[in-house]
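What follows is a single structure, written as structure tokens, with notes after it.
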Amino acid sequence: MKNPSLWTPIETDSESLLNQYPQPLKTLVEGEVPAFIMRNAFNADHCAAIVDRFYKRELLYDPRVSLKDNEPVPRIDIGTSLGMRHHNREEFFAHAASTHKLFDSLFKGYDNPVDFIYKKIEAIVPDKRVMVARELDGRLYGPAIFRTYYEGMGHEPHFDSVRNRTRLLDMQVSRFDKQFAAILCFQESLFDDEKGQTLLYRRQWSPELNEKLFNFPSSIWRSYAEEQGIEHVSINLKPGDFYIFCSETVHELPPTKGERPRIVLAVFFAMSDEDEEVYVLSLIHI
């Protein structure tokens, strides 16, 4: 399937973005552009040094060294995933508290990448208050999560939404209408030049689409997308590159190639036009 060029990401910085798109998140929701990318936004040398610190603190390791033959390589996360831990709320909030404590010291001596992401979100919603997602009793969700993808790992076409996919309607973060993703690349891996690192499709979640197509192999989705003439774009990042997109846009992460894993720092943030608060969380599915 050829990749049309009419629907393309906008490469910019925070100030220029607001000058060109006074309501950038509304632009993403309406599908006018697939994503906003900020190149070299974070110090790439700090990315490499922080990844090295992960290994020295044994927060990351090469699971292929200790796994048995044919045993699947797991994705390694540093942070708290609501998608994977919401079944036990007490455990989820306890783990989130430990993540906050870890992140308080993990980046000492370097620019804080979590603060960086929050400030970038604040810059594009200057009329709102950006904060870590929380419940009415004050318990905090995880602030962000590092995802490490080893060779062969990726995600089939999907969308992300607390309200519409995870359906955690009894949690405060589900009160918001729309959800977005913000990704900071820490380490790039090899990838298929034709597919790219991440694919965004010009189609957002709907109940009908969900019933018909999701939870099937990516080949089925690609055949459907080609039949329907659904445009798609590749998002390819280097360390220090940062981008934002609407997480209810159908997206896919083709399998990582090579021995060097792909490492990103990711958050989701949820908001509604009438709500003065923006909640930031880490919602990652298996």
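Going through the structure tokens in order, the chains are called A, B, and so on, while each chain numbers its residues from 1 and the ligands are numbered from 1 in the order shown.
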
Polymer residues at most 7 Å from A:Val280, only C-alpha atoms, same-chain spacing of 3 or more positions, as a compact mmCIF listing (two decimals) with C-alpha atoms, in the first residue's frame:
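Output saved as result-v3.txt:
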# COMPACT_ATOMS: atom_id res chain seq x y z
CA MET A 131 -1.23 17.47 36.41
CA VAL A 132 -0.66 13.82 37.17
CA ALA A 133 -3.99 11.97 37.01
CA PRO A 143 3.44 10.02 35.96
CA VAL A 267 2.46 9.43 28.58
CA PHE A 268 -1.19 9.78 27.75
CA PHE A 269 -3.09 12.90 28.68
CA ALA A 270 -6.84 13.34 28.83

Practice prompt. Would you please give, as number ranges by chain, all residues of stretch 114-153 of chain A that DSSP assigns to strand (DSSP E) based on the backbone?
Written response: A: 129-132, 145-149

Take the residues from that selection and write them out as a PDB file, in the first residue's frame, keeping all heavy atoms.
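Here's the written file part-v5.pdb:
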ATOM      1  N   ARG A 129      -4.764  23.515  33.510  1.00  0.00           N
ATOM      2  CA  ARG A 129      -3.803  23.057  34.512  1.00  0.00           C
ATOM      3  C   ARG A 129      -3.457  21.598  34.240  1.00  0.00           C
ATOM      4  O   ARG A 129      -4.319  20.729  34.295  1.00  0.00           O
ATOM      5  CB  ARG A 129      -4.377  23.213  35.923  1.00  0.00           C
ATOM      6  CG  ARG A 129      -4.536  24.677  36.353  1.00  0.00           C
ATOM      7  CD  ARG A 129      -4.973  24.799  37.795  1.00  0.00           C
ATOM      8  NE  ARG A 129      -6.344  24.354  37.987  1.00  0.00           N
ATOM      9  CZ  ARG A 129      -6.720  23.413  38.840  1.00  0.00           C
ATOM     10  NH1 ARG A 129      -5.809  22.782  39.577  1.00  0.00           N
ATOM     11  NH2 ARG A 129      -7.989  23.080  38.968  1.00  0.00           N
ATOM     12  N   VAL A 130      -2.183  21.355  33.938  1.00  0.00           N
ATOM     13  CA  VAL A 130      -1.703  20.016  33.611  1.00  0.00           C
ATOM     14  C   VAL A 130      -1.159  19.365  34.885  1.00  0.00           C
ATOM     15  O   VAL A 130      -0.336  19.943  35.585  1.00  0.00           O
ATOM     16  CB  VAL A 130      -0.606  20.073  32.533  1.00  0.00           C
ATOM     17  CG1 VAL A 130      -0.061  18.684  32.233  1.00  0.00           C
ATOM     18  CG2 VAL A 130      -1.153  20.729  31.263  1.00  0.00           C
ATOM     19  N   MET A 131      -1.635  18.136  35.171  1.00  0.00           N
ATOM     20  CA  MET A 131      -1.232  17.470  36.411  1.00  0.00           C
ATOM     21  C   MET A 131      -1.273  15.961  36.237  1.00  0.00           C
ATOM     22  O   MET A 131      -1.903  15.447  35.311  1.00  0.00           O
ATOM     23  CB  MET A 131      -2.175  17.874  37.550  1.00  0.00           C
ATOM     24  CG  MET A 131      -3.624  17.457  37.323  1.00  0.00           C
ATOM     25  SD  MET A 131      -4.758  18.167  38.553  1.00  0.00           S
ATOM     26  CE  MET A 131      -4.714  19.899  38.062  1.00  0.00           C
ATOM     27  N   VAL A 132      -0.576  15.270  37.143  1.00  0.00           N
ATOM     28  CA  VAL A 132      -0.658  13.816  37.166  1.00  0.00           C
ATOM     29  C   VAL A 132      -2.097  13.416  37.480  1.00  0.00           C
ATOM     30  O   VAL A 132      -2.742  13.995  38.357  1.00  0.00           O
ATOM     31  CB  VAL A 132       0.290  13.226  38.227  1.00  0.00           C
ATOM     32  CG1 VAL A 132       0.150  11.701  38.273  1.00  0.00           C
ATOM     33  CG2 VAL A 132       1.729  13.614  37.937  1.00  0.00           C
ATOM     34  N   ILE A 145       5.928   6.492  31.688  1.00  0.00           N
ATOM     35  CA  ILE A 145       6.461   5.132  31.657  1.00  0.00           C
ATOM     36  C   ILE A 145       7.466   4.998  30.510  1.00  0.00           C
ATOM     37  O   ILE A 145       7.252   5.499  29.415  1.00  0.00           O
ATOM     38  CB  ILE A 145       5.308   4.110  31.503  1.00  0.00           C
ATOM     39  CG1 ILE A 145       5.787   2.684  31.759  1.00  0.00           C
ATOM     40  CG2 ILE A 145       4.625   4.225  30.146  1.00  0.00           C
ATOM     41  CD1 ILE A 145       4.650   1.685  31.958  1.00  0.00           C
ATOM     42  N   PHE A 146       8.590   4.343  30.818  1.00  0.00           N
ATOM     43  CA  PHE A 146       9.562   3.988  29.788  1.00  0.00           C
ATOM     44  C   PHE A 146       9.193   2.616  29.245  1.00  0.00           C
ATOM     45  O   PHE A 146       8.970   1.673  30.000  1.00  0.00           O
ATOM     46  CB  PHE A 146      10.983   3.934  30.361  1.00  0.00           C
ATOM     47  CG  PHE A 146      11.566   5.281  30.672  1.00  0.00           C
ATOM     48  CD1 PHE A 146      11.414   5.848  31.931  1.00  0.00           C
ATOM     49  CD2 PHE A 146      12.262   5.984  29.707  1.00  0.00           C
ATOM     50  CE1 PHE A 146      11.952   7.098  32.230  1.00  0.00           C
ATOM     51  CE2 PHE A 146      12.811   7.243  29.984  1.00  0.00           C
ATOM     52  CZ  PHE A 146      12.650   7.790  31.253  1.00  0.00           C
ATOM     53  N   ARG A 147       9.149   2.497  27.910  1.00  0.00           N
ATOM     54  CA  ARG A 147       8.830   1.234  27.255  1.00  0.00           C
ATOM     55  C   ARG A 147      10.049   0.779  26.459  1.00  0.00           C
ATOM     56  O   ARG A 147      10.600   1.554  25.673  1.00  0.00           O
ATOM     57  CB  ARG A 147       7.634   1.387  26.331  1.00  0.00           C
ATOM     58  CG  ARG A 147       6.333   1.613  27.054  1.00  0.00           C
ATOM     59  CD  ARG A 147       5.173   1.619  26.083  1.00  0.00           C
ATOM     60  NE  ARG A 147       4.894   2.956  25.579  1.00  0.00           N
ATOM     61  CZ  ARG A 147       3.931   3.232  24.702  1.00  0.00           C
ATOM     62  NH1 ARG A 147       3.181   2.283  24.214  1.00  0.00           N
ATOM     63  NH2 ARG A 147       3.716   4.464  24.304  1.00  0.00           N
ATOM     64  N   THR A 148      10.444  -0.461  26.651  1.00  0.00           N
ATOM     65  CA  THR A 148      11.587  -1.026  25.942  1.00  0.00           C
ATOM     66  C   THR A 148      11.115  -2.192  25.084  1.00  0.00           C
ATOM     67  O   THR A 148      10.598  -3.184  25.605  1.00  0.00           O
ATOM     68  CB  THR A 148      12.654  -1.515  26.933  1.00  0.00           C
ATOM     69  OG1 THR A 148      13.055  -0.426  27.766  1.00  0.00           O
ATOM     70  CG2 THR A 148      13.871  -2.055  26.190  1.00  0.00           C
ATOM     71  N   TYR A 149      11.292  -2.058  23.771  1.00  0.00           N
ATOM     72  CA  TYR A 149      10.851  -3.072  22.812  1.00  0.00           C
ATOM     73  C   TYR A 149      12.061  -3.779  22.219  1.00  0.00           C
ATOM     74  O   TYR A 149      12.897  -3.156  21.565  1.00  0.00           O
ATOM     75  CB  TYR A 149      10.055  -2.425  21.679  1.00  0.00           C
ATOM     76  CG  TYR A 149       8.774  -1.755  22.109  1.00  0.00           C
ATOM     77  CD1 TYR A 149       8.762  -0.424  22.519  1.00  0.00           C
ATOM     78  CD2 TYR A 149       7.566  -2.446  22.090  1.00  0.00           C
ATOM     79  CE1 TYR A 149       7.593   0.195  22.906  1.00  0.00           C
ATOM     80  CE2 TYR A 149       6.378  -1.835  22.463  1.00  0.00           C
ATOM     81  CZ  TYR A 149       6.397  -0.513  22.876  1.00  0.00           C
ATOM     82  OH  TYR A 149       5.238   0.101  23.253  1.00  0.00           O
TER      83      TYR A 149
END

Item to complete: Using atom CA of A:Glu274 and atom CA of A:Glu30 as the two end points, give the distance in Å to one decimal.
Response: 17.3 Å

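Proximity to A:Tyr201 at 7 Å, evaluated using only C-alpha atoms and with sequence-adjacent residues fewer than 2 positions away removed, yields Leu199, Arg203, Ile230, Glu231, His232, Val233, Thr249, Val250 and His251 of chain A.
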
Practice prompt. Taking the chain letters and numbering used in this document, name the residues of stretch 52-276 of chain A that DSSP puts in helix (DSSP H, G or I), as a VMD selection string.
Written response: chain A and resid 52 to 56 63 to 65 82 to 85 89 to 106 113 to 124 162 to 166 172 to 175 207 to 213 218 to 228

All residues 7 Å or closer to stretch 10-13 of chain A, only C-alpha atoms, same chain fewer than 4 positions away omitted, as a PDB file with all heavy atoms, in the first residue's frame:
ATOM      1  N   LEU A  17       4.047  26.260  16.847  1.00  0.00           N
ATOM      2  CA  LEU A  17       2.844  25.441  16.759  1.00  0.00           C
ATOM      3  C   LEU A  17       1.606  26.252  17.099  1.00  0.00           C
ATOM      4  O   LEU A  17       0.614  26.233  16.362  1.00  0.00           O
ATOM      5  CB  LEU A  17       2.973  24.247  17.705  1.00  0.00           C
ATOM      6  CG  LEU A  17       1.740  23.354  17.852  1.00  0.00           C
ATOM      7  CD1 LEU A  17       1.326  22.768  16.518  1.00  0.00           C
ATOM      8  CD2 LEU A  17       2.022  22.232  18.857  1.00  0.00           C
ATOM      9  N   ALA A  35      -0.052  14.279  13.444  1.00  0.00           N
ATOM     10  CA  ALA A  35       0.792  14.434  14.624  1.00  0.00           C
ATOM     11  C   ALA A  35       1.595  15.725  14.515  1.00  0.00           C
ATOM     12  O   ALA A  35       1.805  16.262  13.418  1.00  0.00           O
ATOM     13  CB  ALA A  35       1.742  13.248  14.763  1.00  0.00           C
ATOM     14  N   PHE A  36       2.055  16.190  15.671  1.00  0.00           N
ATOM     15  CA  PHE A  36       2.994  17.302  15.737  1.00  0.00           C
ATOM     16  C   PHE A  36       4.313  16.755  16.277  1.00  0.00           C
ATOM     17  O   PHE A  36       4.357  16.129  17.336  1.00  0.00           O
ATOM     18  CB  PHE A  36       2.475  18.417  16.647  1.00  0.00           C
ATOM     19  CG  PHE A  36       1.235  19.076  16.129  1.00  0.00           C
ATOM     20  CD1 PHE A  36       0.024  18.918  16.786  1.00  0.00           C
ATOM     21  CD2 PHE A  36       1.271  19.868  14.988  1.00  0.00           C
ATOM     22  CE1 PHE A  36      -1.129  19.538  16.318  1.00  0.00           C
ATOM     23  CE2 PHE A  36       0.120  20.483  14.503  1.00  0.00           C
ATOM     24  CZ  PHE A  36      -1.081  20.315  15.171  1.00  0.00           C
ATOM     25  N   ILE A  37       5.392  16.981  15.517  1.00  0.00           N
ATOM     26  CA  ILE A  37       6.706  16.450  15.868  1.00  0.00           C
ATOM     27  C   ILE A  37       7.659  17.602  16.180  1.00  0.00           C
ATOM     28  O   ILE A  37       7.722  18.585  15.441  1.00  0.00           O
ATOM     29  CB  ILE A  37       7.291  15.610  14.722  1.00  0.00           C
ATOM     30  CG1 ILE A  37       6.347  14.457  14.361  1.00  0.00           C
ATOM     31  CG2 ILE A  37       8.663  15.057  15.106  1.00  0.00           C
ATOM     32  CD1 ILE A  37       6.819  13.641  13.165  1.00  0.00           C
ATOM     33  N   MET A  38       8.412  17.458  17.268  1.00  0.00           N
ATOM     34  CA  MET A  38       9.439  18.429  17.637  1.00  0.00           C
ATOM     35  C   MET A  38      10.780  17.708  17.638  1.00  0.00           C
ATOM     36  O   MET A  38      11.044  16.864  18.497  1.00  0.00           O
ATOM     37  CB  MET A  38       9.138  19.032  19.015  1.00  0.00           C
ATOM     38  CG  MET A  38       7.778  19.710  19.072  1.00  0.00           C
ATOM     39  SD  MET A  38       7.354  20.362  20.708  1.00  0.00           S
ATOM     40  CE  MET A  38       5.600  20.736  20.442  1.00  0.00           C
TER      41      MET A  38
END

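Neighbouring residues of A:Leu106 at 9 Å or closer, counting only C-alpha atoms and skipping chain neighbours under 5 positions away, are Ile50, Arg53, Phe54, Lys101 and Asn112 of chain A.
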
Kindly save the residues from that selection, with N, CA and C atoms included, as an mmCIF file, in the first residue's frame.
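Result written to part.cif:
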data_model
loop_
_atom_site.group_PDB
_atom_site.id
_atom_site.type_symbol
_atom_site.label_atom_id
_atom_site.label_comp_id
_atom_site.auth_asym_id
_atom_site.auth_seq_id
_atom_site.Cartn_x
_atom_site.Cartn_y
_atom_site.Cartn_z
ATOM 1 N N ILE A 50 20.989 8.468 30.435
ATOM 2 C CA ILE A 50 19.922 7.939 31.289
ATOM 3 C C ILE A 50 19.679 6.467 30.984
ATOM 4 N N ARG A 53 22.237 4.553 32.695
ATOM 5 C CA ARG A 53 21.919 4.474 34.122
ATOM 6 C C ARG A 53 20.894 3.374 34.384
ATOM 7 N N PHE A 54 19.947 3.185 33.488
ATOM 8 C CA PHE A 54 18.970 2.110 33.644
ATOM 9 C C PHE A 54 19.678 0.761 33.774
ATOM 10 N N LYS A 101 8.528 7.918 43.499
ATOM 11 C CA LYS A 101 9.744 7.945 44.326
ATOM 12 C C LYS A 101 10.975 7.653 43.479
ATOM 13 N N ASN A 112 15.418 16.585 33.337
ATOM 14 C CA ASN A 112 14.361 15.649 33.725
ATOM 15 C C ASN A 112 13.396 15.459 32.560
#

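The closest residue to A:Ala123, picked from A:Val173, A:Ala97, A:Leu136, A:Leu18 and counting only C-alpha atoms, is A:Leu18.
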
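Computed from the coordinates, the atom CA of A:Asp62 to atom CA of A:Arg260 distance equals 9.7 Å.
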
Practice prompt. Please identify all polymer residues within 7 Å of A:Glu156, counting only C-alpha atoms, omitting same-chain residues fewer than 2 positions from it, and present them as a count of residues only.
Written response: 6

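Going from atom CA of A:Phe93 over to atom CA of A:Trp205, you cover 28.6 Å.
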
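With only C-alpha atoms as the atoms that count, the residue of A:Glu259, A:Asp127, A:Glu135, A:Asp160 with the shortest distance to A:Asp273 is A:Asp127.
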
Practice prompt. Do a neighbour search on A:Pro74 at 9 Å with only C-alpha atoms, toss out local chain neighbours closer than 6 positions, and write the hits as a PyMOL selection string.
Written response: chain A and resi 63+149-150+153

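Distances to A:Gly142 were evaluated for A:Pro157, A:Gly79, A:Pro72, A:Pro255 using only C-alpha atoms, and the minimum falls at A:Gly79.
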
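Shortest separation to A:Arg89 among A:Pro22, A:Gln179, A:Asp170, A:Ile76 occurs at residue A:Asp170, atoms counted being only C-alpha atoms.
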
Worksheet, complete the sentence: Counting only C-alpha atoms, closest pick from A:Ser161, A:Gln172, A:Asn40, A:Thr80 relative to A:Gln204 is A:Ser161

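With only C-alpha atoms as the atoms that count, the residue of A:His86, A:Leu281, A:Ala144, A:Ile121 with the shortest distance to A:Phe103 is A:Ala144.
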